[in-house]
Each structure stands twice: as structure tokens, then as C-alpha cells.
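Content type TSV, C-alpha atoms, from the file upload18.tsv:
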```
chain	number	residue	atom	x	y	z
Q	1	SER	CA	97.75	94.89	96.17
Q	2	ALA	CA	99.74	92.16	97.89
Q	3	VAL	CA	98.66	88.54	97.73
Q	4	ILE	CA	99.03	86.52	100.93
Q	5	SER	CA	99.19	82.75	101.20
Q	6	GLN	CA	98.29	81.57	104.69
Q	7	LYS	CA	98.36	78.03	105.97
Q	8	PRO	CA	97.04	75.86	107.37
Q	9	SER	CA	93.51	76.94	106.55
Q	10	ARG	CA	92.16	75.00	109.49
Q	11	ASP	CA	93.30	72.58	112.18
Q	12	ILE	CA	91.96	70.70	115.14
Q	13	CYS	CA	94.53	70.42	117.92
Q	14	GLN	CA	94.81	68.80	121.30
Q	15	ARG	CA	95.09	71.04	124.33
Q	16	GLY	CA	98.64	71.54	125.51
Q	17	THR	CA	100.11	71.32	122.03
Q	18	SER	CA	101.34	74.12	119.76
Q	19	LEU	CA	100.46	75.14	116.22
Q	20	THR	CA	102.53	77.27	113.86
Q	21	ILE	CA	100.73	79.35	111.24
Q	22	GLN	CA	102.58	80.61	108.19
Q	23	CYS	CA	102.01	83.62	105.97
Q	24	GLN	CA	103.83	84.17	102.70
Q	25	VAL	CA	103.46	87.49	100.86
Q	26	ASP	CA	104.16	87.87	97.16
Q	27	SER	CA	106.02	91.16	97.69
Q	28	GLN	CA	108.30	92.66	100.30
Q	29	VAL	CA	106.47	94.44	103.09
Q	30	THR	CA	107.95	96.21	106.08
Q	31	MET	CA	105.19	95.38	108.53
Q	32	MET	CA	103.04	92.32	108.93
Q	33	PHE	CA	100.26	92.03	111.47
Q	34	TRP	CA	98.67	89.08	113.23
Q	35	TYR	CA	95.04	89.23	114.31
Q	36	ARG	CA	92.72	86.94	116.20
Q	37	GLN	CA	88.99	86.73	115.58
Q	38	GLN	CA	87.14	84.82	118.26
Q	39	PRO	CA	83.73	83.37	117.42
Q	40	GLY	CA	81.17	86.11	116.79
Q	41	GLN	CA	83.63	88.86	117.49
Q	42	SER	CA	85.73	91.31	115.53
Q	43	LEU	CA	89.43	91.32	114.85
Q	44	THR	CA	91.87	91.90	117.69
Q	45	LEU	CA	95.46	92.77	116.94
Q	46	ILE	CA	97.89	90.32	118.53
Q	47	ALA	CA	101.20	91.79	117.41
Q	48	THR	CA	103.17	93.53	114.71
Q	49	ALA	CA	105.87	91.34	113.16
Q	50	ASN	CA	108.98	93.35	112.43
Q	51	GLN	CA	111.75	92.09	110.20
Q	52	GLY	CA	115.08	92.00	112.01
Q	53	SER	CA	113.71	92.75	115.44
Q	54	GLU	CA	111.35	91.31	118.00
Q	55	ALA	CA	107.63	91.51	117.41
Q	56	THR	CA	105.63	94.21	119.14
Q	57	TYR	CA	102.78	92.74	121.18
Q	58	GLU	CA	99.50	94.36	122.10
Q	59	SER	CA	98.14	94.48	125.60
Q	60	GLY	CA	96.99	91.05	126.71
Q	61	PHE	CA	99.28	89.12	124.38
Q	62	VAL	CA	102.73	87.84	125.30
Q	63	ILE	CA	105.66	86.38	123.41
Q	64	ASP	CA	105.69	83.12	125.38
Q	65	LYS	CA	102.14	82.35	124.29
Q	66	PHE	CA	102.34	83.72	120.74
Q	67	PRO	CA	105.94	83.62	119.52
Q	68	ILE	CA	106.39	85.24	116.12
Q	69	SER	CA	109.14	84.89	113.56
Q	70	ARG	CA	109.88	87.28	110.69
Q	71	PRO	CA	112.99	85.99	108.95
Q	72	ASN	CA	112.55	88.19	105.86
Q	73	LEU	CA	110.27	90.78	104.31
Q	74	THR	CA	107.93	88.25	102.68
Q	75	PHE	CA	107.34	85.67	105.40
Q	76	SER	CA	106.17	85.38	108.99
Q	77	THR	CA	104.96	82.70	111.38
Q	78	LEU	CA	102.76	82.87	114.45
Q	79	THR	CA	102.84	80.01	116.95
Q	80	VAL	CA	99.98	79.42	119.35
Q	81	SER	CA	101.65	77.67	122.27
Q	82	ASN	CA	100.31	75.36	124.98
Q	83	MET	CA	96.84	75.64	123.53
Q	84	SER	CA	93.61	75.57	125.48
Q	85	PRO	CA	90.01	75.61	124.19
Q	86	GLU	CA	89.96	79.38	124.75
Q	87	ASP	CA	92.47	79.69	121.89
Q	88	SER	CA	89.91	78.39	119.41
Q	89	SER	CA	89.68	81.26	116.94
Q	90	ILE	CA	90.43	82.38	113.45
Q	91	TYR	CA	93.94	83.74	113.13
Q	92	LEU	CA	94.71	86.13	110.28
Q	93	CYS	CA	97.81	87.80	109.02
Q	94	SER	CA	97.65	91.06	107.13
Q	95	VAL	CA	99.87	93.62	105.47
Q	96	PRO	CA	99.33	97.25	104.50
Q	97	THR	CA	98.69	97.51	100.81
Q	98	GLY	CA	101.19	100.35	100.67
Q	99	ILE	CA	98.65	103.06	100.05
Q	100	SER	CA	96.64	104.22	103.08
Q	101	ALA	CA	93.50	104.55	101.04
Q	102	TYR	CA	93.40	100.83	100.49
Q	103	GLY	CA	93.93	99.60	104.00
Q	104	TYR	CA	94.98	96.10	104.66
Q	105	THR	CA	95.13	92.92	102.68
Q	106	PHE	CA	94.30	89.87	104.78
Q	107	GLY	CA	95.36	86.29	104.49
Q	108	SER	CA	92.59	83.74	104.13
Q	109	GLY	CA	92.77	82.88	107.82
Q	110	THR	CA	93.46	79.80	109.92
Q	111	ARG	CA	90.47	78.36	111.74
Q	112	LEU	CA	91.81	76.72	114.90
Q	113	THR	CA	89.78	74.42	117.11
Q	114	VAL	CA	91.34	73.21	120.34
Q	115	VAL	CA	89.80	70.11	121.90
E	116	GLY	CA	90.55	105.39	125.07
E	117	GLN	CA	89.63	103.96	121.73
E	118	ASN	CA	86.18	102.57	121.07
E	119	ILE	CA	84.04	101.70	118.06
E	120	ASP	CA	80.32	101.00	118.16
E	121	GLN	CA	78.12	99.57	115.44
E	122	PRO	CA	74.86	97.65	115.48
E	123	THR	CA	75.14	93.90	115.90
E	124	GLU	CA	72.60	92.87	113.29
E	125	MET	CA	70.47	94.34	110.54
E	126	THR	CA	67.99	92.86	108.11
E	127	ALA	CA	66.95	94.30	104.77
E	128	THR	CA	65.15	93.23	101.62
E	129	GLU	CA	66.70	92.55	98.25
E	130	GLY	CA	66.70	95.72	96.12
E	131	ALA	CA	66.41	98.02	99.13
E	132	ILE	CA	68.89	100.50	100.65
E	133	VAL	CA	70.50	99.97	104.04
E	134	GLN	CA	72.66	102.27	106.16
E	135	ILE	CA	75.08	100.82	108.69
E	136	ASN	CA	76.24	103.32	111.28
E	137	CYS	CA	79.52	103.44	113.17
E	138	THR	CA	80.60	105.75	115.96
E	139	TYR	CA	84.12	105.92	117.24
E	140	GLN	CA	86.27	107.56	119.86
E	141	THR	CA	90.00	107.88	119.45
E	142	SER	CA	92.84	110.02	120.73
E	143	GLY	CA	94.34	110.21	117.25
E	144	PHE	CA	92.57	109.69	113.94
E	145	ASN	CA	94.03	108.75	110.59
E	146	GLY	CA	91.19	107.36	108.59
E	147	LEU	CA	88.04	105.25	108.76
E	148	PHE	CA	87.72	101.96	106.91
E	149	TRP	CA	84.88	99.64	106.07
E	150	TYR	CA	85.47	95.96	105.39
E	151	GLN	CA	83.13	93.22	104.25
E	152	GLN	CA	83.50	89.73	105.69
E	153	HIS	CA	81.51	86.76	104.43
E	154	ALA	CA	81.12	83.87	106.83
E	155	GLY	CA	84.28	81.78	107.01
E	156	GLU	CA	86.29	84.17	104.87
E	157	ALA	CA	88.84	86.92	105.45
E	158	PRO	CA	87.75	90.57	105.48
E	159	THR	CA	87.97	92.47	102.20
E	160	PHE	CA	88.42	96.21	101.84
E	161	LEU	CA	85.36	98.27	100.88
E	162	SER	CA	86.09	101.93	101.54
E	163	TYR	CA	88.27	104.51	103.20
E	164	ASN	CA	87.46	108.02	104.44
E	165	VAL	CA	89.94	110.45	105.90
E	166	LEU	CA	88.12	113.72	105.13
E	167	ASP	CA	84.53	114.64	105.95
E	168	GLY	CA	81.94	113.83	103.37
E	169	LEU	CA	80.63	111.08	101.19
E	170	GLU	CA	82.72	108.72	99.11
E	171	GLU	CA	80.74	106.87	96.47
E	172	LYS	CA	81.88	103.66	94.85
E	173	GLY	CA	79.22	101.94	92.80
E	174	ARG	CA	76.48	100.50	94.99
E	175	PHE	CA	78.45	101.25	98.15
E	176	SER	CA	79.04	104.70	99.67
E	177	SER	CA	80.72	105.70	102.90
E	178	PHE	CA	80.30	108.90	104.89
E	179	LEU	CA	82.50	110.44	107.57
E	180	SER	CA	82.04	113.25	110.08
E	181	ARG	CA	85.22	113.66	112.09
E	182	SER	CA	83.75	116.25	114.46
E	183	LYS	CA	80.98	113.82	115.41
E	184	GLY	CA	83.12	110.68	115.38
E	185	TYR	CA	80.58	109.15	113.03
E	186	SER	CA	80.57	107.17	109.83
E	187	TYR	CA	78.07	105.16	107.86
E	188	LEU	CA	78.17	102.66	105.05
E	189	LEU	CA	75.32	102.90	102.57
E	190	LEU	CA	74.47	99.90	100.44
E	191	LYS	CA	72.08	100.43	97.54
E	192	GLU	CA	70.18	97.95	95.38
E	193	LEU	CA	70.86	95.19	97.86
E	194	GLN	CA	71.65	91.76	96.52
E	195	MET	CA	71.57	88.42	98.29
E	196	LYS	CA	75.36	88.24	98.05
E	197	ASP	CA	75.58	91.35	100.23
E	198	SER	CA	74.64	89.19	103.23
E	199	ALA	CA	77.83	89.44	105.29
E	200	SER	CA	79.37	91.14	108.28
E	201	TYR	CA	80.49	94.74	107.80
E	202	LEU	CA	83.38	95.88	109.94
E	203	CYS	CA	84.12	99.49	110.76
E	204	ALA	CA	87.75	100.25	111.64
E	205	HIS	CA	89.83	103.31	112.30
E	206	SER	CA	93.54	103.86	112.18
E	207	THR	CA	95.61	105.89	114.57
E	208	SER	CA	97.78	108.70	113.29
E	209	GLY	CA	101.43	107.81	113.07
E	210	THR	CA	100.86	104.06	112.98
E	211	TYR	CA	99.48	101.39	110.72
E	212	LYS	CA	97.49	99.97	113.63
E	213	TYR	CA	93.77	99.59	113.19
E	214	ILE	CA	91.00	99.18	115.73
E	215	PHE	CA	88.04	97.16	114.48
E	216	GLY	CA	84.45	97.33	115.59
E	217	THR	CA	82.61	94.11	116.39
E	218	GLY	CA	80.93	94.15	113.01
E	219	THR	CA	77.33	94.38	111.80
E	220	ARG	CA	75.83	91.18	110.47
E	221	LEU	CA	73.57	92.07	107.55
E	222	LYS	CA	70.96	89.63	106.32
E	223	VAL	CA	69.41	90.32	102.93
E	224	LEU	CA	66.05	88.66	102.45
E	225	ALA	CA	64.41	87.82	99.14
```

File written out as C-alpha cells:
Amino acid sequence: SAVISQKPSRDICQRGTSLTIQCQVDSQVTMMFWYRQQPGQSLTLIATANQGSEATYESGFVIDKFPISRPNLTFSTLTVSNMSPEDSSIYLCSVPTGISAYGYTFGSGTRLTVV
Amino acid sequence: GQNIDQPTEMTATEGAIVQINCTYQTSGFNGLFWYQQHAGEAPTFLSYNVLDGLEEKGRFSSFLSRSKGYSYLLLKELQMKDSASYLCAHSTSGTYKYIFGTGTRLKVLA
């Protein structure tokens, strides 16, 4: 299955600033997904990052707040813009392993704390 | 709509067997997944069911009943390292999108 390198692993940021999270995959994948996991909760899909076209956002998430780049089939970034304490979460990228039976591979996650 | 329910917390003893249940509602179904997530780490894949029945994989087994919208994860011979959150998720036919439950936090006691 794919190996994902995600960074930073954690950061503490001031409110009003922005943070860009990077995910590098060791193989080419058509789709890459960005999730948020708020404290004590499960994973919520933010958007699907598509190579060569704009990301597809889920209900409740907008491009101005979470701009996504996908310059090629192995790399994507998620920016958390104009942060507030409510954005404190773990952010994870993931890719399909290519075989439905094996689900997703997840990056190691970025633990964001906004102060 | 789409909804997944699983218990919030469970406690079991080392060496015992525990069953974690998951019920779901979806307009389109394409498989049921179980993931394990240790505190502070990313989720890791445990099992996948798309047809009714039991899938066994070592100490872990997963069961699915599509007509009942029900699945369970069975953990045998519990070990301390099995203390983690267990996430139930289903995928929607025609997409790679997955809906995750809130997870069941399992504590294994000595």
C-alpha cells in the first residue's frame, strides 16, 4: 500500500494566521482526501483533492477557509486560513490503497493547536 | 441520510473476548470498514466487509448484515496493546467517500 509523508506533525499557531499542511505519497494516486478529527470525535471529510481541477468540498467546508492544492499525482497541500481556536484539530490526508478491500492509507496527521 | 452509531466506550479484561457493534444507515452501500486508532496516531485498516457474513483475520473478526445495517468487530485473546479507538466506516457506492462513526474507545485492563 501507499506510504504517505505528512508534515508538520504538530504546530501551535496564533489566531488569525494560516498554516499549510503537506502530504507526499510515494506513488501516483488519482484521489487524495483531507480529513479533520476534532478532539474526541471521529474523522470528518473536508474535501477531495483532484489533480488538475479544483478540490471538491463537503458540506460545511469552503475553499476560502481550506484552500487545497494538488499540483501532481503524488502531492497535495491543505491550508487552514485565518485560524481560530475552533480549528484546533488533527488534520489527516489519505489515499485509497487501490484495492477496495484495503480501504484507505492515512498520513500520520498534523495536530494543530490555535491559541 | 447517512448515519453510523457505535458505543462510545467499552472495557474488557486481558485475554477476554469483546464485540464492538456498529449500526449504519445509508442510501447507497459499498462496503463496511473497521479501523484501529491508537491515541495520537493515524487510523490503520483492520477489516473490510462487502458481503454478509463473518471475515476472520487472526484475533480479529468482522461481521456484516446488510439487511440489518449492522456490523460488529470481534477481538479475541485481548492484549493490552489492543487499547485503542475502533472506528466503523462505510463507503458509498460509486465513490471513494467514507463516512466514519465516532469510534469506540476500548480499554483493556490487566

> Pick from E:Asn136, E:Gly130, E:Leu161, E:Lys172: nearest to Thr219 (chain E), with all atoms listed in the file counted?
Replying inline: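 Comparing E:Asn136, E:Gly130, E:Leu161, E:Lys172 against Thr219 (chain E), the winner is E:Asn136.
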
Please, which residues in chain Q fall within 9 Å of chain E when counting only C-alpha atoms, and what is the closest atom pair and distance in Å to one decimal for each, ordered by chain then residue number, as CSV?
```
residue,atom,partner,partner_atom,distance
Q:Met31,CA,E:Tyr211,CA,8.6
Q:Phe33,CA,E:Lys212,CA,8.7
Q:Gly40,CA,E:Thr217,CA,8.1
Q:Gln41,CA,E:Thr217,CA,5.5
Q:Ser42,CA,E:Thr217,CA,4.3
Q:Leu43,CA,E:Phe215,CA,6.0
Q:Thr44,CA,E:Phe215,CA,7.3
Q:Leu45,CA,E:Ile214,CA,7.9
Q:Thr48,CA,E:Lys212,CA,8.7
Q:Ile90,CA,E:Gly155,CA,8.9
Q:Leu92,CA,E:Ala157,CA,7.6
Q:Pro96,CA,E:Tyr211,CA,7.5
Q:Ser100,CA,E:Gly146,CA,8.4
Q:Ala101,CA,E:Tyr163,CA,5.7
Q:Tyr102,CA,E:Tyr163,CA,6.9
Q:Gly103,CA,E:Phe160,CA,6.8
Q:Tyr104,CA,E:Phe160,CA,7.1
Q:Thr105,CA,E:Thr159,CA,7.2
Q:Phe106,CA,E:Ala157,CA,6.2
Q:Gly107,CA,E:Ala157,CA,6.6
Q:Ser108,CA,E:Ala157,CA,5.1
Q:Gly109,CA,E:Ala157,CA,6.1
Q:Arg111,CA,E:Gly155,CA,8.5
```

> CA of Gln151 (chain E) and CA of Ser1 (chain Q) are how many Å apart?
Replying inline: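 Between CA of Gln151 (chain E) and CA of Ser1 (chain Q) the gap works out to 16.8 Å.
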
> Using all atoms listed in the file, can you list as a ChimeraX atom specification the residues within 8 Å of (80.8, 99.0, 119.2)?
Replying inline: /E:118-122,137-139,216-218

>> Between CA of Leu179 (chain E) and CA of Ile132 (chain E), what distance in Å does the model show, to one decimal?
In response: 18.2 Å

>> What does the structure give for the distance between CA of Phe175 (chain E) and CA of Pro39 (chain Q), in Å to one decimal?
In response: 26.8 Å

> Once you count all atoms listed in the file, which residues end up no further than 12 Å from (99.9, 75.8, 122.5) in the file's frame, shown as a list in words?
Replying inline: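 Residues with an atom close enough to that point: Ile12, Cys13, Gln14, Arg15, Gly16, Thr17, Ser18, Leu19, Thr20, Ile21, Asp64, Lys65, Phe66, Pro67, Leu78, Thr79, Val80, Ser81, Asn82, Met83, Ser84, Pro85, Glu86, Asp87, Ser88, Leu112, Thr113, Val114 and Val115 of chain Q.
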
>> Neighbouring residues of Ala47 (chain Q) were defined as those with any atom within 10 Å, considering only C-alpha atoms; residues of the same chain fewer than 5 positions away were excluded. Please report them as a ChimeraX atom specification.
In response: /Q:32-36,55-59,61-63,66-68,78,93 /E:212

>> So, with all atoms listed in the file as the atoms that count, which of E:Ala199, E:Gln140, E:Thr210, E:Arg181 lies closest to Thr126 (chain E)?
In response: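 Ranked by minimum distance to Thr126 (chain E), first place goes to E:Ala199.
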
Using only the atoms of region 5-23 of chain Q listed in the file, plus 6 Å on each side, state the axis-aligned box centre and edge lengths in Å rounded to one decimal, as JSON.
```
{"center_x": 97.3, "center_y": 76.2, "center_z": 113.4, "size_x": 22.6, "size_y": 26.8, "size_z": 36.3}
```

>> Given all atoms listed in the file as the basis, pick out the residue of E:Ser198, E:Ser176, E:Ser142, E:Gln152 nearest to Ala225 (chain E).
In response: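 Going through E:Ser198, E:Ser176, E:Ser142, E:Gln152 one by one, the smallest distance to Ala225 (chain E) is for E:Ser198.
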
> So, counting only C-alpha atoms, which residue among Q:Ser5, Q:Thr97, Q:Thr77, Q:Ser69 is closest to Val29 (chain Q)?
Replying inline: Q:Thr97

> Which residue gives the smallest distance to Leu73 (chain Q) among Q:Ser53, Q:Ser27, Q:Gln22, Q:Ser89, with all atoms listed in the file counted?
Replying inline: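 Among Q:Ser53, Q:Ser27, Q:Gln22, Q:Ser89, it is Q:Ser27 that comes nearest to Leu73 (chain Q).
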
> Taking into account only C-alpha atoms, which residue in the set E:Met125, E:Gly184, E:Thr141, E:Leu221 is nearest to Lys196 (chain E)?
Replying inline: E:Leu221
